[in-house]
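Below is the file query_36.txt, which contains compact mmCIF, C-alpha atoms and all ligand atoms.
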```
# COMPACT_ATOMS: atom_id res chain seq x y z
CA MET A 42 84.87 79.00 99.46
CA ILE A 43 86.65 78.51 96.17
CA GLU A 44 84.72 77.69 93.09
CA ARG A 45 86.63 74.67 91.88
CA ARG A 46 84.32 73.25 89.28
CA ARG A 47 82.92 75.98 87.18
CA ARG A 48 80.70 74.46 84.54
CA ARG A 49 81.76 75.29 81.02
CA THR A 50 79.03 77.04 79.16
CA THR A 51 78.98 78.39 75.67
CA ARG A 52 77.34 81.72 75.41
CA PRO A 53 75.96 82.61 71.96
CA GLY A 54 77.67 86.01 71.97
CA LEU A 55 81.04 84.46 72.59
CA ALA A 56 80.53 81.82 69.93
CA GLY A 57 79.79 84.67 67.53
CA ALA A 58 82.94 86.46 68.59
CA ARG A 59 84.87 83.28 68.02
CA ARG A 60 83.52 82.98 64.50
CA PHE A 61 84.42 86.59 63.89
CA VAL A 62 88.01 86.02 65.07
CA GLY A 63 88.12 83.00 62.76
CA VAL A 64 87.01 85.02 59.75
CA ALA A 65 89.40 87.85 60.63
CA GLY A 66 92.16 85.25 60.88
CA VAL A 67 91.49 83.97 57.38
CA LEU A 68 91.47 87.50 55.97
CA LEU A 69 94.72 88.38 57.75
CA ALA A 70 96.32 85.19 56.49
CA ALA A 71 95.76 86.40 52.98
CA CYS A 72 97.43 89.75 53.49
CA GLY A 73 99.98 89.55 56.34
CA PRO A 74 101.51 87.62 59.19
CA ALA A 75 99.35 85.20 61.20
CA PRO A 76 97.44 86.99 63.97
CA GLY A 77 99.13 84.86 66.60
CA GLU A 78 102.65 85.67 65.43
CA GLY A 79 104.81 86.55 68.42
CA MET A 80 102.10 85.42 70.79
CA ALA A 81 102.40 82.69 73.41
CA ALA A 82 99.31 80.67 74.28
CA LEU A 83 99.24 78.63 77.49
CA THR A 84 96.43 76.12 77.32
CA GLY A 85 94.80 73.51 79.50
CA ALA A 86 95.93 74.65 82.94
CA THR A 87 93.79 75.76 85.86
CA VAL A 88 94.41 79.49 86.33
CA ILE A 89 93.90 80.80 89.85
CA ASP A 90 92.44 84.29 89.89
CA VAL A 91 93.92 85.50 93.19
CA VAL A 92 91.68 88.59 93.21
CA SER A 93 88.31 86.83 92.94
CA GLY A 94 89.55 83.56 94.41
CA ARG A 95 88.04 81.60 91.54
CA SER A 96 89.86 78.88 89.66
CA GLN A 97 89.38 78.72 85.91
CA LEU A 98 89.62 75.16 84.66
CA ASP A 99 90.93 74.44 81.16
CA ALA A 100 92.05 78.04 80.75
CA VAL A 101 93.77 79.87 77.93
CA VAL A 102 96.32 82.59 78.71
CA LEU A 103 97.54 84.66 75.77
CA VAL A 104 100.78 86.57 76.17
CA ARG A 105 102.38 89.10 73.87
CA ASP A 106 105.14 91.69 74.31
CA GLY A 107 105.60 90.77 77.95
CA HIS A 108 101.98 91.23 78.92
CA VAL A 109 98.88 89.14 79.37
CA VAL A 110 96.58 89.81 76.41
CA ALA A 111 93.70 87.56 77.42
CA VAL A 112 92.85 85.04 80.08
CA GLY A 113 89.69 82.96 80.26
CA SER A 114 88.13 79.61 79.53
CA ALA A 115 88.87 77.71 76.33
CA ASP A 116 85.31 78.62 75.28
CA GLU A 117 85.92 82.33 75.67
CA VAL A 118 89.49 82.80 74.47
CA VAL A 119 90.44 81.61 71.02
CA VAL A 120 94.07 80.80 70.31
CA PRO A 121 94.98 82.79 67.18
CA ARG A 122 96.69 80.99 64.34
CA GLY A 123 100.46 81.24 64.53
CA ALA A 124 100.61 81.47 68.35
CA ASP A 125 103.25 79.42 70.12
CA VAL A 126 101.09 76.97 72.07
CA THR A 127 102.24 75.34 75.30
CA ASP A 128 99.94 72.64 76.59
CA LEU A 129 99.81 72.81 80.37
CA GLY A 130 97.03 70.30 81.00
CA GLY A 131 97.00 69.06 84.58
CA ARG A 132 98.94 72.12 85.86
CA TRP A 133 98.04 75.25 87.81
CA ILE A 134 99.04 78.81 86.94
CA VAL A 135 99.43 81.54 89.56
CA PRO A 136 100.96 85.03 89.30
CA GLY A 137 104.70 85.34 89.90
CA LEU A 138 105.48 85.80 93.58
CA ILE A 139 106.63 89.01 95.26
CA ASP A 140 109.07 89.15 98.16
CA THR A 141 108.21 92.47 99.79
CA HIS A 142 111.04 92.56 102.32
CA ALA A 143 114.47 91.52 101.17
CA HIS A 144 118.11 92.58 101.32
CA LEU A 145 119.49 90.75 98.32
CA GLN A 146 123.01 90.18 97.14
CA PRO A 147 123.65 89.61 93.43
CA TRP A 148 123.77 85.80 93.92
CA GLY A 149 120.21 85.86 95.25
CA LEU A 150 118.59 87.23 92.10
CA ALA A 151 118.68 84.06 89.98
CA LEU A 152 117.92 81.92 93.02
CA ALA A 153 114.80 83.96 93.89
CA LEU A 154 113.62 83.66 90.29
CA ARG A 155 114.03 79.87 90.37
CA TYR A 156 111.60 79.85 93.28
CA GLY A 157 109.06 81.80 91.23
CA VAL A 158 109.80 85.21 92.79
CA THR A 159 109.42 87.66 89.91
CA SER A 160 109.46 90.91 91.95
CA VAL A 161 111.41 91.97 95.00
CA ARG A 162 111.07 94.99 97.25
CA ASP A 163 114.54 95.44 98.64
CA LEU A 164 114.55 97.51 101.83
CA HIS A 165 118.17 98.59 102.23
CA ASP A 166 121.39 97.44 100.75
CA GLY A 167 123.32 100.69 100.66
CA VAL A 168 124.00 102.76 97.55
CA ALA A 169 126.87 100.67 96.15
CA LEU A 170 125.11 97.32 96.42
CA ALA A 171 121.84 98.77 95.09
CA ASP A 172 123.74 99.93 91.98
CA THR A 173 125.34 96.48 91.62
CA LEU A 174 121.95 94.76 91.87
CA ARG A 175 120.59 97.02 89.15
CA ALA A 176 123.57 96.30 86.91
CA VAL A 177 123.28 92.51 87.40
CA ALA A 178 119.53 92.68 86.75
CA MET A 179 120.28 94.36 83.40
CA ARG A 180 122.58 91.47 82.40
CA GLN A 181 120.61 88.40 83.44
CA PRO A 182 117.01 87.40 84.04
CA SER A 183 116.22 88.78 87.52
CA PRO A 184 113.15 89.65 89.53
CA ARG A 185 111.82 93.17 89.02
CA LEU A 186 113.51 95.32 91.65
CA PHE A 187 111.88 97.94 93.85
CA LEU A 188 114.74 99.36 95.84
CA ALA A 189 114.70 101.48 98.98
CA VAL A 190 118.48 101.84 98.35
CA ALA A 191 119.47 103.01 101.85
CA MET A 192 117.45 103.12 105.03
CA LEU A 193 116.90 106.35 106.94
CA ASP A 194 117.92 106.18 110.59
CA ALA A 195 118.98 108.49 113.40
CA PRO A 196 122.50 108.30 114.80
CA PRO A 197 124.12 106.17 116.03
CA SER A 198 122.73 103.89 113.34
CA THR A 199 123.10 100.10 113.30
CA TYR A 200 124.24 100.22 109.67
CA PRO A 201 127.15 102.37 108.44
CA ASP A 202 125.55 102.78 105.00
CA ALA A 203 122.21 104.12 106.30
CA PHE A 204 121.38 107.76 105.53
CA LEU A 205 121.27 109.56 108.88
CA LEU A 206 119.05 112.35 110.08
CA ASP A 207 118.94 113.70 113.60
CA SER A 208 116.07 116.17 113.33
CA PRO A 209 112.89 116.76 111.31
CA ASP A 210 114.73 119.57 109.48
CA SER A 211 117.00 117.09 107.71
CA ALA A 212 114.13 114.98 106.31
CA GLU A 213 113.89 116.79 102.97
CA VAL A 214 117.60 116.47 102.28
CA ALA A 215 117.64 112.79 103.28
CA VAL A 216 114.65 111.92 101.10
CA GLY A 217 116.16 114.04 98.30
CA ARG A 218 119.30 111.87 98.42
CA LEU A 219 117.14 108.76 98.04
CA VAL A 220 115.41 110.31 95.03
CA GLU A 221 118.82 111.03 93.48
CA HIS A 222 119.61 107.35 93.84
CA ARG A 223 116.28 106.41 92.22
CA ALA A 224 114.77 104.83 95.35
CA ALA A 225 111.27 103.43 94.88
CA TRP A 226 110.60 103.30 98.63
CA VAL A 227 111.65 105.17 101.74
CA LYS A 228 112.63 102.78 104.52
CA VAL A 229 112.83 104.12 108.07
CA TYR A 230 114.59 102.28 110.85
CA THR A 231 114.40 101.77 114.58
CA ARG A 232 115.85 105.06 115.84
CA ILE A 233 113.38 107.26 114.00
CA THR A 234 111.17 109.15 116.48
CA PRO A 235 107.61 110.33 115.68
CA ASP A 236 108.63 113.95 114.96
CA ILE A 237 111.27 112.85 112.45
CA LEU A 238 108.93 110.23 110.97
CA ALA A 239 106.27 112.90 110.35
CA ALA A 240 108.79 115.03 108.48
CA VAL A 241 110.09 112.06 106.46
CA ILE A 242 106.56 111.08 105.41
CA GLY A 243 105.87 114.69 104.38
CA ALA A 244 109.03 114.79 102.25
CA ALA A 245 108.31 111.33 100.79
CA ARG A 246 104.84 112.43 99.74
CA MET A 247 106.29 115.33 97.76
CA HIS A 248 108.07 112.70 95.67
CA HIS A 249 105.12 110.26 95.70
CA LEU A 250 107.21 107.72 97.58
CA PRO A 251 105.67 105.21 100.00
CA VAL A 252 107.28 104.67 103.40
CA ALA A 253 108.14 101.28 104.93
CA ALA A 254 108.87 101.25 108.65
CA HIS A 255 110.88 98.97 110.84
CA LEU A 256 109.84 100.75 114.03
CA GLY A 257 111.68 101.05 117.32
CA LEU A 258 111.21 104.44 118.97
CA THR A 259 107.75 104.95 117.41
CA ASP A 260 104.78 102.67 118.09
CA ALA A 261 102.73 101.16 115.26
CA ILE A 262 99.53 103.14 115.88
CA THR A 263 101.40 106.46 115.90
CA ALA A 264 103.32 105.51 112.75
CA THR A 265 100.12 104.45 111.02
CA HIS A 266 98.33 107.68 111.86
CA LEU A 267 101.35 109.61 110.58
CA GLY A 268 100.90 107.79 107.26
CA VAL A 269 103.42 104.96 106.82
CA THR A 270 102.48 102.55 104.02
CA SER A 271 103.82 99.37 105.59
CA ILE A 272 104.96 98.13 108.96
CA GLU A 273 107.78 95.59 108.88
CA HIS A 274 108.38 92.60 111.18
CA LEU A 275 105.29 93.44 113.33
CA SER A 276 107.48 96.18 114.81
CA GLY A 277 105.90 98.83 117.02
CA ILE A 278 102.95 96.58 117.87
CA PRO A 279 103.96 95.52 121.41
CA GLU A 280 104.88 99.18 121.92
CA ALA A 281 101.30 100.12 120.95
CA ALA A 282 99.65 97.38 123.01
CA GLY A 283 101.81 97.30 126.14
CA ASP A 284 104.56 99.06 128.08
CA SER A 285 106.11 101.35 125.52
CA VAL A 286 108.42 103.09 128.04
CA ALA A 287 110.40 99.93 128.81
CA LEU A 288 110.56 98.92 125.14
CA PHE A 289 111.60 102.39 123.94
CA ALA A 290 114.40 102.34 126.53
CA ALA A 291 115.57 99.00 125.12
CA HIS A 292 115.45 100.30 121.52
CA ALA A 293 117.45 103.35 122.57
CA LYS A 294 120.20 101.07 123.91
CA GLY A 295 120.84 99.44 120.56
CA PHE A 296 119.34 97.33 117.81
CA PHE A 297 119.67 93.90 119.43
CA ALA A 298 118.70 95.13 122.90
CA GLY A 299 115.53 96.52 121.31
CA TRP A 300 114.81 93.44 119.20
CA THR A 301 115.31 91.06 122.15
CA ALA A 302 113.04 93.04 124.50
CA PHE A 303 110.43 93.46 121.73
CA GLU A 304 110.42 89.75 120.87
CA LYS A 305 110.19 88.70 124.50
CA SER A 306 107.36 91.13 125.24
CA TRP A 307 104.75 89.44 123.03
CA SER A 308 103.88 86.55 125.34
CA SER A 309 102.88 88.84 128.22
CA LEU A 310 100.82 91.34 126.20
CA ASP A 311 97.14 91.73 127.03
CA PRO A 312 95.18 89.85 124.31
CA ALA A 313 92.38 92.44 124.32
CA ALA A 314 94.86 95.31 123.84
CA LEU A 315 96.53 93.42 120.98
CA ALA A 316 93.18 92.72 119.31
CA MET A 317 92.35 96.42 119.52
CA VAL A 318 95.65 97.33 117.85
CA ALA A 319 94.96 94.75 115.11
CA ARG A 320 91.55 96.28 114.43
CA GLU A 321 92.88 99.84 114.42
CA LEU A 322 95.74 99.05 112.02
CA ALA A 323 93.34 97.19 109.71
CA ALA A 324 90.90 100.12 109.78
CA GLN A 325 93.70 102.54 108.83
CA ARG A 326 94.58 100.38 105.77
CA VAL A 327 98.26 100.09 106.64
CA PHE A 328 99.96 96.99 105.21
CA LEU A 329 101.69 94.54 107.52
CA VAL A 330 104.80 92.68 106.41
CA PRO A 331 105.08 90.27 109.36
CA THR A 332 108.17 88.34 108.12
CA LEU A 333 107.07 85.39 110.27
CA VAL A 334 109.91 83.40 108.72
CA LEU A 335 112.38 85.77 110.40
CA HIS A 336 110.71 85.46 113.82
CA GLU A 337 110.47 81.71 113.41
CA THR A 338 114.12 81.33 112.35
CA PHE A 339 115.48 83.49 115.19
CA SER A 340 113.33 81.57 117.68
CA ARG A 341 114.98 78.31 116.63
CA LEU A 342 118.66 79.19 116.55
CA ASP A 343 119.21 76.61 119.31
CA ASP A 344 117.86 73.92 116.99
CA SER A 345 120.68 72.48 114.91
CA THR A 346 118.28 71.37 112.16
CA VAL A 347 117.65 75.05 111.33
CA LEU A 348 121.33 75.41 110.54
CA ARG A 349 121.19 72.34 108.30
CA SER A 350 117.97 73.12 106.44
CA PRO A 351 118.11 71.72 102.88
CA GLY A 352 117.40 75.07 101.21
CA LEU A 353 120.74 76.36 102.53
CA ALA A 354 122.64 74.22 100.02
CA ALA A 355 121.85 76.79 97.32
CA VAL A 356 123.60 79.57 99.25
CA PRO A 357 127.18 80.23 98.08
CA ASP A 358 129.90 79.38 100.61
CA SER A 359 131.14 82.95 100.69
CA ALA A 360 127.67 84.19 101.66
CA ARG A 361 127.37 81.56 104.36
CA ARG A 362 130.74 82.63 105.75
CA ASN A 363 129.57 86.26 105.74
CA TRP A 364 126.46 85.29 107.67
CA ASN A 365 128.57 84.06 110.58
CA VAL A 366 125.57 83.08 112.66
CA ALA A 367 127.68 82.46 115.76
CA ALA A 368 129.06 86.01 115.64
CA MET A 369 125.55 87.44 115.19
CA ILE A 370 124.32 85.51 118.25
CA LYS A 371 127.30 86.83 120.20
CA ARG A 372 126.58 90.42 119.10
CA ALA A 373 122.95 89.96 120.09
CA GLY A 374 123.96 88.49 123.44
CA TRP A 375 121.41 85.68 123.08
CA ARG A 376 121.67 82.74 125.48
CA SER A 377 119.90 79.39 125.51
CA ALA A 378 117.10 80.70 127.75
CA ASP A 379 116.23 83.40 125.18
CA TYR A 380 115.02 81.02 122.47
CA PRO A 381 112.13 79.48 124.42
CA ALA A 382 111.08 83.08 125.21
CA PHE A 383 111.20 83.94 121.51
CA ARG A 384 109.19 80.82 120.73
CA ALA A 385 106.55 81.87 123.25
CA ALA A 386 106.02 84.98 121.10
CA ARG A 387 105.15 83.00 117.99
CA PRO A 388 101.55 81.93 118.74
CA VAL A 389 100.79 85.47 119.95
CA GLN A 390 102.19 86.97 116.75
CA ASP A 391 100.17 84.41 114.76
CA ARG A 392 96.98 85.39 116.56
CA PHE A 393 97.71 89.06 115.90
CA VAL A 394 98.15 88.44 112.16
CA ARG A 395 94.97 86.35 112.09
CA ASP A 396 93.00 89.10 113.91
CA PHE A 397 94.41 91.76 111.58
CA VAL A 398 93.36 89.85 108.44
CA ALA A 399 89.98 88.94 109.97
CA SER A 400 89.45 92.70 110.49
CA GLY A 401 90.04 93.32 106.77
CA GLY A 402 93.78 94.07 106.99
CA ARG A 403 96.15 93.02 104.24
CA VAL A 404 99.50 91.37 104.82
CA ALA A 405 102.37 91.10 102.35
CA ALA A 406 104.86 88.25 102.27
CA GLY A 407 108.35 89.39 103.18
CA THR A 408 111.37 87.41 104.27
CA ASP A 409 114.42 89.52 105.20
CA ALA A 410 116.41 87.26 102.82
CA SER A 411 119.34 87.07 102.35
CA ASN A 412 120.10 87.92 105.97
CA GLN A 413 121.32 85.08 108.18
CA LEU A 414 119.76 81.69 107.28
CA LEU A 415 117.06 83.27 105.09
CA VAL A 416 117.37 81.86 101.58
CA PRO A 417 116.15 84.11 98.74
CA GLY A 418 113.05 82.68 97.07
CA ALA A 419 112.65 79.63 99.31
CA THR A 420 111.65 81.81 102.26
CA VAL A 421 108.68 83.32 100.37
CA HIS A 422 107.17 79.84 100.29
CA THR A 423 107.97 79.34 103.98
CA GLU A 424 106.35 82.69 104.76
CA MET A 425 103.14 81.66 102.98
CA GLU A 426 103.15 78.39 104.93
CA LEU A 427 103.63 80.26 108.20
CA LEU A 428 100.81 82.66 107.32
CA GLU A 429 98.55 79.69 106.66
CA HIS A 430 99.68 78.15 109.95
CA ALA A 431 98.76 81.48 111.63
CA GLY A 432 95.20 80.99 110.43
CA LEU A 433 94.99 82.52 106.96
CA THR A 434 93.32 80.54 104.17
CA PRO A 435 95.63 79.19 101.47
CA LEU A 436 94.10 81.79 99.13
CA ASP A 437 94.93 84.67 101.49
CA ALA A 438 98.44 83.27 102.00
CA LEU A 439 98.84 83.28 98.20
CA ARG A 440 97.42 86.81 98.03
CA SER A 441 100.08 87.98 100.49
CA ALA A 442 102.74 87.14 97.91
CA THR A 443 100.77 88.31 94.87
CA TYR A 444 98.05 90.90 94.64
CA TRP A 445 98.05 92.21 98.21
CA ALA A 446 101.81 92.67 97.82
CA ALA A 447 101.28 94.43 94.48
CA ASP A 448 98.61 96.70 95.98
CA MET A 449 101.06 97.67 98.69
CA MET A 450 103.56 98.48 95.96
CA ARG A 451 100.91 100.59 94.24
CA THR A 452 101.00 98.61 91.03
CA ASP A 453 98.04 96.84 89.48
CA SER A 454 100.10 95.28 86.69
CA LEU A 455 101.77 92.77 89.02
CA GLY A 456 100.47 90.06 91.31
CA ARG A 457 97.45 89.18 89.18
CA LEU A 458 96.73 87.70 85.77
CA ARG A 459 94.41 89.76 83.65
CA PRO A 460 94.67 91.61 80.32
CA GLY A 461 97.31 94.33 80.56
CA ALA A 462 99.15 92.79 83.51
CA ALA A 463 102.81 91.82 83.25
CA ALA A 464 103.17 88.21 82.11
CA ASP A 465 104.94 87.11 85.29
CA LEU A 466 103.61 83.71 86.27
CA ILE A 467 104.50 80.30 87.60
CA VAL A 468 103.28 76.89 86.51
CA LEU A 469 102.69 74.44 89.36
CA ARG A 470 102.29 70.68 89.37
CA ALA A 471 99.68 70.75 92.14
CA ASP A 472 96.91 73.01 93.44
CA PRO A 473 98.17 75.58 96.01
CA LEU A 474 94.63 76.19 97.24
CA VAL A 475 94.46 72.59 98.46
CA ASP A 476 97.84 72.88 100.19
CA ILE A 477 99.89 76.07 100.15
CA ARG A 478 103.08 73.98 100.14
CA ASN A 479 102.24 73.17 96.52
CA THR A 480 103.60 76.60 95.53
CA ARG A 481 107.00 74.90 95.82
CA ARG A 482 106.11 72.39 93.11
CA ILE A 483 107.24 74.72 90.34
CA GLU A 484 107.52 73.41 86.82
CA ARG A 485 108.09 76.66 84.94
CA VAL A 486 108.55 80.36 85.63
CA MET A 487 107.64 83.11 83.16
CA LEU A 488 109.00 86.63 83.61
CA GLY A 489 107.81 89.41 81.32
CA GLY A 490 106.43 86.87 78.83
CA LYS A 491 109.62 84.78 78.62
CA TRP A 492 110.19 81.37 80.16
CA VAL A 493 113.14 81.77 82.46
CA GLN A 494 112.83 78.35 84.09
CA ARG A 495 111.39 75.15 82.68
ZN ZN A 501 115.02 93.85 106.81
```
Please express the file's structure as structure tokens.
Ligand SMILES: [Zn+2]
Amino acid sequence: MIERRRRRTTRPGLAGARRFVGVAGVLLAACGPAPGEGMAALTGATVIDVVSGRSQLDAVVLVRDGHVVAVGSADEVVVPRGADVTDLGGRWIVPGLIDTHAHLQPWGLALALRYGVTSVRDLHDGVALADTLRAVAMRQPSPRLFLAVAMLDAPPSTYPDAFLLDSPDSAEVAVGRLVEHRAAWVKVYTRITPDILAAVIGAARMHHLPVAAHLGLTDAITATHLGVTSIEHLSGIPEAAGDSVALFAAHAKGFFAGWTAFEKSWSSLDPAALAMVARELAAQRVFLVPTLVLHETFSRLDDSTVLRSPGLAAVPDSARRNWNVAAMIKRAGWRSADYPAFRAARPVQDRFVRDFVASGGRVAAGTDASNQLLVPGATVHTEMELLEHAGLTPLDALRSATYWAADMMRTDSLGRLRPGAAADLIVLRADPLVDIRNTRRIERVMLGGKWVQR
């Protein structure tokens, strides 16, 4: 339960501290710049502490040099003289959002930021595009980028710009290439077998790099025991809970053959076997990036309203042409009977995610944007809504895009608002803990202490 109405109390010690700050302020005024010079003070809003789950009414957030300096009640935190005060009465403040599974193009950076996404883990774009994204992010306000640069896959890979390795012996060289290109993550793809995965994880550890896995020829339990940090798209889970032989054969045929068989397999999996996999993955502390928005979108490609969704208006025409949804469907070989089968997977996937979180597992919001029909930024909000629909509380849905995501990315300076954290935050017009859809009601976005949207 969320503590919504914390009573304001004045503790004597704090009142003393306040007096002291006041006296110090007067002294400083006599001999130098005001103590609040260069500081931003956000006052009056309700700050949601996503870690504790408590809401601080009438809060003060002090920001300086891109970081949060203080956050607390108006009784506890004094606004120093000279600070630039922004009154945010009647608003809510939450940490900036993190999209933990994206494949962005340069046009998506500003768009993601407008939707309050202040950090992005990008899991494959190829070397050239990764360099372009970095260059654009230097020139204009952009989400913080955590790039996997190029995925690792075994031949024949789905993507021509993947780095290929056909045996465990090539793992060190492949990971070394990623390090040369300043990758922050190692991403492995569907053709990676357990022996190669073990070698990749070993090489990644030498460089302190976490490993994200879109599994195909390795099941999720095996990958987790080998030490992957995150499992993408719920991949490898039907393979762990059901008939892995048939699914591995489909993955070996090709990407879409594997995806189609995998997606269709969910509805016939044994619920008890799935629940056991959920508990085991949660116990092993692996992060799940379910990308429910991807499963949901692909399951509704026969629904013309998906193709006309209002968020798509923000996508440049050239990008929409590149998507060529009809050509993708043709490549995949999907027919009208496939979509109801995909839709039958959805409640089973939802139950799996719910079981995983109920067992103490942590999920991170990821979107696969800007692949076909997945709009950068907007889809993070859809993902939180889908996670709530799957049975998570609004707070846990918000955690998936904030501090759980940051924990997965091994950073405690993002995804939460506390002294020392990056001042990445969004100001909302309504309470997201009442309705997670309120995360879309963005009034302002702050990135590294600067308003980038208001
Ligand atoms: Zn992806």
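Contact shell of Leu469 (chain A) at 6 Å (only C-alpha atoms; same-chain neighbours under 2 positions omitted): Arg132, Trp133, Ala471, Arg482, Ile483 and Glu484 of chain A.
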| task | Determine, counting only C-alpha atoms, which protein, DNA and RNA residues have an atom within 6 Å of an atom of region 116-123 of chain A; residues of the same chain fewer than 6 positions away are not included. Present the result as a PyMOL selection string. | result | chain A and resi 75-78
Go ahead and save the residues from that selection, with C-alpha atoms, as an mmCIF file, in the frame of the given file.
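Okay, part-v1.cif is ready:
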```cif
data_model
loop_
_atom_site.group_PDB
_atom_site.id
_atom_site.type_symbol
_atom_site.label_atom_id
_atom_site.label_comp_id
_atom_site.auth_asym_id
_atom_site.auth_seq_id
_atom_site.Cartn_x
_atom_site.Cartn_y
_atom_site.Cartn_z
ATOM 1 C CA ALA A 75 99.350 85.200 61.200
ATOM 2 C CA PRO A 76 97.440 86.990 63.970
ATOM 3 C CA GLY A 77 99.130 84.860 66.600
ATOM 4 C CA GLU A 78 102.650 85.670 65.430
#
```
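Residue nearest ligand ZN 501 (chain A), chosen from A:Leu258, A:Leu164, A:Ala82, A:Ala323 and counting all atoms listed in the file: A:Leu164.
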| query | Using all atoms listed in the file, can you list as number ranges by chain the residues within 6 Å of (109.1, 94.8, 121.9)? | reply | A: 279, 288, 302-304, 306
| request: Check every protein, DNA and RNA residue against ligand ZN 501 (chain A), keep those with an atom at most 10 Å away (counting all atoms listed in the file), and present them as a list in words. | output: Thr141, His142, Ala143, His144, Asp163, Leu164, His165, Asp166, Met192, Lys228, Tyr230, Ala254, His255, Glu273, His274, Thr332, Leu335, Gly407, Thr408, Asp409, Ala410, Ser411 and Asn412 of chain A
Contact check, region 94-115 of chain A to region 433-447 of chain A, at most 12 Å, counting all atoms listed in the file, closest pairs as a Markdown table:
```
| residue | atom | partner | partner_atom | distance |
| --- | --- | --- | --- | --- |
| A:Gly94 | CA | A:Leu436 | CA | 6.8 |
| A:Arg95 | CA | A:Leu436 | CA | 9.7 |
| A:Ser96 | CA | A:Leu436 | CA | 10.8 |
```
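Take the candidates A:Ala81, A:Leu428, A:Gly401, A:Ala153 and check each one against Gly107 (chain A) using all atoms listed in the file; the shortest distance goes to A:Ala81.
Rounded to one decimal, CA of Pro331 (chain A) and CA of Val416 (chain A) lie 16.8 Å from each other.
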Listed atoms of region 388-397 of chain A boxed axis-aligned with 8 Å per side, centre + edges as lines of an AutoDock Vina configuration file:
```
center_x = 97.6
center_y = 86.8
center_z = 115.8
size_x = 25.2
size_y = 25.8
size_z = 24.4
```
| request: Show which residues sit within 12 Å of Pro312 (chain A), as a VMD selection string. Count only C-alpha atoms, and ignore same-chain residues fewer than 5 positions away. | output: chain A and resid 279 282 to 283 307 317 to 319 388 to 390 392 to 393 396
| said: Can you tell me which residues surround region 219-222 of chain A at a distance of at most 12 Å, considering all atoms listed in the file, apart from same-chain residues fewer than 3 positions away, and format the answer as a PyMOL selection string? | reply: chain A and resi 165+167-172+175+188-193+203-205+212-216+225-229+241+244-250+252
Residues just named, written with C-alpha atoms as an mmCIF file, in the frame of the given file:
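Saved as again37.cif:
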```cif
data_model
loop_
_atom_site.group_PDB
_atom_site.id
_atom_site.type_symbol
_atom_site.label_atom_id
_atom_site.label_comp_id
_atom_site.auth_asym_id
_atom_site.auth_seq_id
_atom_site.Cartn_x
_atom_site.Cartn_y
_atom_site.Cartn_z
ATOM 1 C CA HIS A 165 118.170 98.590 102.230
ATOM 2 C CA GLY A 167 123.320 100.690 100.660
ATOM 3 C CA VAL A 168 124.000 102.760 97.550
ATOM 4 C CA ALA A 169 126.870 100.670 96.150
ATOM 5 C CA LEU A 170 125.110 97.320 96.420
ATOM 6 C CA ALA A 171 121.840 98.770 95.090
ATOM 7 C CA ASP A 172 123.740 99.930 91.980
ATOM 8 C CA ARG A 175 120.590 97.020 89.150
ATOM 9 C CA LEU A 188 114.740 99.360 95.840
ATOM 10 C CA ALA A 189 114.700 101.480 98.980
ATOM 11 C CA VAL A 190 118.480 101.840 98.350
ATOM 12 C CA ALA A 191 119.470 103.010 101.850
ATOM 13 C CA MET A 192 117.450 103.120 105.030
ATOM 14 C CA LEU A 193 116.900 106.350 106.940
ATOM 15 C CA ALA A 203 122.210 104.120 106.300
ATOM 16 C CA PHE A 204 121.380 107.760 105.530
ATOM 17 C CA LEU A 205 121.270 109.560 108.880
ATOM 18 C CA ALA A 212 114.130 114.980 106.310
ATOM 19 C CA GLU A 213 113.890 116.790 102.970
ATOM 20 C CA VAL A 214 117.600 116.470 102.280
ATOM 21 C CA ALA A 215 117.640 112.790 103.280
ATOM 22 C CA VAL A 216 114.650 111.920 101.100
ATOM 23 C CA ALA A 225 111.270 103.430 94.880
ATOM 24 C CA TRP A 226 110.600 103.300 98.630
ATOM 25 C CA VAL A 227 111.650 105.170 101.740
ATOM 26 C CA LYS A 228 112.630 102.780 104.520
ATOM 27 C CA VAL A 229 112.830 104.120 108.070
ATOM 28 C CA VAL A 241 110.090 112.060 106.460
ATOM 29 C CA ALA A 244 109.030 114.790 102.250
ATOM 30 C CA ALA A 245 108.310 111.330 100.790
ATOM 31 C CA ARG A 246 104.840 112.430 99.740
ATOM 32 C CA MET A 247 106.290 115.330 97.760
ATOM 33 C CA HIS A 248 108.070 112.700 95.670
ATOM 34 C CA HIS A 249 105.120 110.260 95.700
ATOM 35 C CA LEU A 250 107.210 107.720 97.580
ATOM 36 C CA VAL A 252 107.280 104.670 103.400
#
```
| task | Check the smallest atom-to-atom distance from each of A:Ala419, A:Gly489, A:Ser211, A:Gly131 to Gly461 (chain A) using only C-alpha atoms, then report the winner. | result |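 Counting only C-alpha atoms, the residue closest to Gly461 (chain A) is A:Gly489.
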| What is the CA of Asn479 (chain A)-CA of Val126 (chain A) distance in Å, reported with one decimal? |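 Here the two named atoms are 24.8 Å from each other.
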| task | Tell me, in Å to one decimal, how far CA of Asp236 (chain A) is from CA of Arg403 (chain A). | result |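 Those two atoms sit 26.6 Å apart.
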| For Gly79 (chain A), which of A:Leu206, A:Ala124, A:Met450, A:Met425 is the closest residue, counting all atoms listed in the file? |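 With all atoms listed in the file as the atom set, the closest residue is A:Ala124.
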| said: Can you tell me which residues surround Asp128 (chain A) at a distance of at most 8 Å, considering all atoms listed in the file, apart from same-chain residues fewer than 4 positions away, and format the answer as a PyMOL selection string? | reply: chain A and resi 83-86
| task | Have a look at A:Glu280, A:Ser285, A:Leu267, A:Leu348 and name the one nearest to Val327 (chain A); count only C-alpha atoms. | result |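 Closest to Val327 (chain A), using only C-alpha atoms: A:Leu267.
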